[in-house]
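First up is the structure itself, then whatever we jot down about it.
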Amino acid sequence: MQFFFSLGLLVASLAYTVYGLVTLDLVDSIGRPGPGYFPLIIGVLLILTTSYKSVKTLKTMNSAEAFDQDETYLTDTLVTIGLICLFLVTLKFLGAILSMVLFVGAFLAYFNRGRTVFNIIYSLVLPIAVYLLFNVALRAGLPKGLLD
Amino acid sequence: MGDIASNLMLGLSVALTSYNLIFLIVGVVVGMIVGLFPGFGPAAGIAILIPMTFGLEPATAIILLAGIYYGAMYGGTITSILINTPGESATVASTLDGYPMARAGRAGPALVMQAVASFIGGTIGVILICAFTPMLAKFASSFGPSEYFLIVVLGLLLLTTMMGDNLVNGVISALIGFAIATVGVDAISGAQRFTFGSPELIGGIYFVPVAIGLFGIGELLYCIYTGLHVKEQTRMKISFRSKSFWPTKVDFVNSKITFFRGSLIGFIAGVLPGSGATIGSILAYSVEKKVAKNPEDFGKGEMRGLVAPETANNAASAGAMVPLISLGIPGSGATAVLLGALMMWGMQPGPMLIYDQPEFVWGLIASMYLGNVMLVLICILAIPLFVKFLDVPYRLVVPVIVILCMVGSYALHSSMIETWMLIVAGVIGFGMKLCKYSPAATVLALVLGSIAENTFLQSLIISDGSLSIFVERPISLVLTLALAAIVLTTALLKFRKFMSAS
């Protein structure tokens with residue numbers, strides 16, 4: 001995991017630096033540092049440090065210490081990320097209240113199984129409370145979606 | 001002295017309005033609850049709740065957020081003592097003696113003493129703020145861009161060196177923050193950078209969704225990954241009516257010097273940029289153990305082993321306000337979020353803030369006095385109530401946090417792009433936490449990115465491109481030497497460790 005994260009950062013750093021070099025001037029017309037000057041310094045430092053990190057993590061990748069002994073819940077984490085994305089995708093279309101109800105309902109149906117009545121009440125009360133707080137008390141203007 | 005008194009009176013006149021007092025109470029109570037949840041420190045609490053300060057006066061909003069800031073310090077210790085799970089890193093040292101005390105049936109005295117210690121640490125810290133903030137602001141008014149740039153770098157370097165073996169990860173985290181900060185219009189040339197033609201990126205990447213994502217969603221995903229949502233909660237029952245709930249006279253007598261020693265150490269650690277409450281509390285614990293006649297009792301439920309880190313982490317929280325208010329430079333993730341919030345309300349933190357907005361600055365400081373008084377009362381009298389929050393399963397807390405993060409982030413500018421940024425930052429924050437990077441360093445660098453770049457480029461323009469500007473003026477020279485000393489010491493320690501290992 002550490003290696004792939006470091007590698008991802010290295011690729012992103014290369015992309016950042018190359019894109020900056022291609023699109024931004026390093027010095028302006030009168031020879032002063034231009035808009036690309038500082039990003040270049042940051043980009044070069046990022047490439048150096050993430051390269052070092054990638055090589056270092058690659059070396060320890062197959063060693064025993066690289067493996068986490070504790071039990072982890074990757075599937076649950078991915079389900080949560082998926083539900084959060086679903087929440088955002090439906091936010092405009094369904095509106096804030098319905099998308100919140102959908103999110104909380106789906107989340108509890110997966111993570112709090114067997115307590116249907118409680119889950120239904122919770123997935124109605126929480127979104128309504130948050131909606132009242134933001135839309136009524138704070139006048140934040142949340143999307144109404146289908147309820148418009 | 002007279003000046004401080006009159007300034008404090010001015011501050012109290014701002015903080016003591018019924019409107020501000022209500023928000024102060026809300027802030028400290030919410031802060032305590034936030035502190036109870038493992039992993040959720042003050043930075044996450046402040047970041048998630050920033051959107052709720054819409055429409056509030058800046059003074060009221062900062063009183064609310066500052067209440068969350070030090071309320072979380074009080075709350076974080078409750079879980080450290082009762083279930084050996086620190087609410088956040090600054091309360092890790094409190095587990096060392098706090099948890100053994102709870103196991104020995106002295107949870108009540110430990111909780112009361114942590115509240116008293118936090119109160120004393122916080123109060124001494126606030127007294128020292130009153131003395132040091134105006135002095136530092138006066139001193140800093142002569143700073144030029146080179147000094148500011150060096151202070152930013154020093155702060156970030158100190159923050160990353162605190163990461164020990166993960167120093168490179170800390171540096172990468174800070175560089176990521178700087179890279180994100182370069183998106184948008186360049187302040188000096190006016191050119192667009194990394195906007196990919198999108199009008200929504202011209203103003204740059206807004207720090208709030210990134211901070212909420214890194215601290216809020218990232219932390220939440222990590223807690224799920226480590227299985228906090230499937231853990232059965234331990235039911236606790238604590239009553240202040242019980243005789244064994246209160247500390248003994250011996251506890252107070254033994255700790256009387258510790259209260260002050262811990263506060264002083266914590267405050268100094270807090271003032272140093274990048275150092276903060278975590279290092280302050282660990283340092284105070286180590287010093288206390290070193291000077292004690294019975295060091296062998298530390299780690300087995302020694303009261304001074306709890307009092308020292310508790311006074312220190314609260315004094316450090318107060319101390320961290322000094323560079324924030326007087327220099328406009330935060331020293332930690334939480335104060336970086338506070339700085340971002342100040343900028344959001346149109347404030348320009350720095351040496352002139354205390355002169356331009358005295359009501360705001362002294363109102364904030366006075367609210368910290370009041371907040372500490374409230375917290376010690378709430379903490380002692382409502383401990384049984386707060387302990388009940390530990391019964392709530394984490395899987396029921398997750399939807400609350402996600403909804404507050406998502407809706408709060410959207411509500412800032414009604415922007416879907418910013419809400420997507422929140423999710424992306426959340427996933428990156430999860431990866432950073434998993435791979436031992438520092439989201440705090442990223443947020444700190446993101447908030448300070450424009451200051452760092454502008455002061456660096458201004459320094460180069462003033463000196464016609466010569467780096468000698470960073471050693472020419474006495475303060476710059478001292479800062480550069482301090483930077484060099486930190487780098488050399490760190491390298492030397494690494495080399496020694498490598499040599500002894502091989």
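Chain labels run A, B, ... following the order of the structure tokens; each chain numbers its residues from 1, and ligands are numbered from 1 in the order shown.
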Open item on the list: Neighbouring residues of stretch 289-293 of chain B were defined as those with any atom within 9 Å, considering only C-alpha atoms; residues of the same chain fewer than 4 positions away were excluded. Please report them as a list in words.
Closed with: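 Once the adjacent positions are removed, what remains is Ala284, Tyr285, Asp297, Phe298, Arg304 and Gly305 of chain B.
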Task: Within 6 Å of chain A: residues of chain B, using only C-alpha atoms, as a ChimeraX atom specification - done: /B:221,224-226,399,411,435
So which residues touch B:Pro51 within 8 Å, counting only C-alpha atoms, skipping near sequence neighbours fewer than 3 positions away, as a PDB file with all heavy atoms, in the first residue's frame?
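Dumped to out_14.pdb:
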```
ATOM      1  N   ILE B  48     -14.996  20.880  10.337  1.00  0.00           N
ATOM      2  CA  ILE B  48     -16.346  20.409  10.013  1.00  0.00           C
ATOM      3  C   ILE B  48     -17.387  21.477  10.357  1.00  0.00           C
ATOM      4  O   ILE B  48     -18.383  21.636   9.653  1.00  0.00           O
ATOM      5  CB  ILE B  48     -16.649  19.084  10.766  1.00  0.00           C
ATOM      6  CG1 ILE B  48     -15.751  17.957  10.229  1.00  0.00           C
ATOM      7  CG2 ILE B  48     -18.112  18.680  10.633  1.00  0.00           C
ATOM      8  CD1 ILE B  48     -15.768  16.693  11.063  1.00  0.00           C
ATOM      9  N   PHE B  54     -21.743  30.573   9.326  1.00  0.00           N
ATOM     10  CA  PHE B  54     -22.345  31.488   8.337  1.00  0.00           C
ATOM     11  C   PHE B  54     -23.149  32.565   9.033  1.00  0.00           C
ATOM     12  O   PHE B  54     -23.920  32.277   9.932  1.00  0.00           O
ATOM     13  CB  PHE B  54     -23.374  30.748   7.480  1.00  0.00           C
ATOM     14  CG  PHE B  54     -22.785  29.848   6.481  1.00  0.00           C
ATOM     15  CD1 PHE B  54     -23.381  28.630   6.220  1.00  0.00           C
ATOM     16  CD2 PHE B  54     -21.666  30.191   5.792  1.00  0.00           C
ATOM     17  CE1 PHE B  54     -22.870  27.788   5.294  1.00  0.00           C
ATOM     18  CE2 PHE B  54     -21.138  29.341   4.855  1.00  0.00           C
ATOM     19  CZ  PHE B  54     -21.747  28.134   4.610  1.00  0.00           C
ATOM     20  N   GLY B 408     -22.118  20.799   4.795  1.00  0.00           N
ATOM     21  CA  GLY B 408     -21.359  21.984   5.175  1.00  0.00           C
ATOM     22  C   GLY B 408     -20.470  22.458   4.046  1.00  0.00           C
ATOM     23  O   GLY B 408     -20.398  23.649   3.742  1.00  0.00           O
ATOM     24  N   SER B 409     -19.822  21.509   3.365  1.00  0.00           N
ATOM     25  CA  SER B 409     -18.919  21.873   2.283  1.00  0.00           C
ATOM     26  C   SER B 409     -19.694  22.452   1.094  1.00  0.00           C
ATOM     27  O   SER B 409     -19.272  23.442   0.484  1.00  0.00           O
ATOM     28  CB  SER B 409     -18.140  20.631   1.866  1.00  0.00           C
ATOM     29  OG  SER B 409     -17.141  20.961   0.979  1.00  0.00           O
ATOM     30  N   ALA B 411     -22.618  23.912   1.249  1.00  0.00           N
ATOM     31  CA  ALA B 411     -23.281  25.157   1.632  1.00  0.00           C
ATOM     32  C   ALA B 411     -22.344  26.372   1.608  1.00  0.00           C
ATOM     33  O   ALA B 411     -22.812  27.506   1.533  1.00  0.00           O
ATOM     34  CB  ALA B 411     -23.891  25.003   3.015  1.00  0.00           C
ATOM     35  N   LEU B 412     -21.034  26.134   1.626  1.00  0.00           N
ATOM     36  CA  LEU B 412     -20.094  27.265   1.638  1.00  0.00           C
ATOM     37  C   LEU B 412     -20.302  28.178   0.442  1.00  0.00           C
ATOM     38  O   LEU B 412     -20.444  29.394   0.585  1.00  0.00           O
ATOM     39  CB  LEU B 412     -18.654  26.745   1.624  1.00  0.00           C
ATOM     40  CG  LEU B 412     -18.098  26.223   2.942  1.00  0.00           C
ATOM     41  CD1 LEU B 412     -16.822  25.464   2.696  1.00  0.00           C
ATOM     42  CD2 LEU B 412     -17.867  27.360   3.915  1.00  0.00           C
TER      43      LEU B 412
END
```
Open item on the list: What's the separation between atom CA of B:Leu446 and atom CA of B:Phe178, in Å to one decimal place?
Closed with: 5.4 Å
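If you count only C-alpha atoms and ignore residues fewer than 6 places along the chain from B:Ile486, what sits within 10 Å of it is Leu154, Leu157, Leu158, Thr161, Thr480 and Leu492 of chain B.
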Open item on the list: I'd like to know which residues of chain A are helix (DSSP H, G or I) (by DSSP, run on the backbone); could you write them as a PyMOL selection string?
Closed with: chain A and resi 2-23+37-60+64-66+74-94+96-111+116-137+145-147
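Atom pair atom CA of A:Val11 / atom CA of B:Ser450: separated by 24.1 Å.
Of the listed residues (A:Leu86, A:Ser51, A:Ser29, A:Leu21), A:Ser51 comes nearest to B:Asn169; the distances count only C-alpha atoms.
Between atom CA of B:Asp464 and atom CA of B:Ala484 the interatomic distance comes to 23.5 Å.
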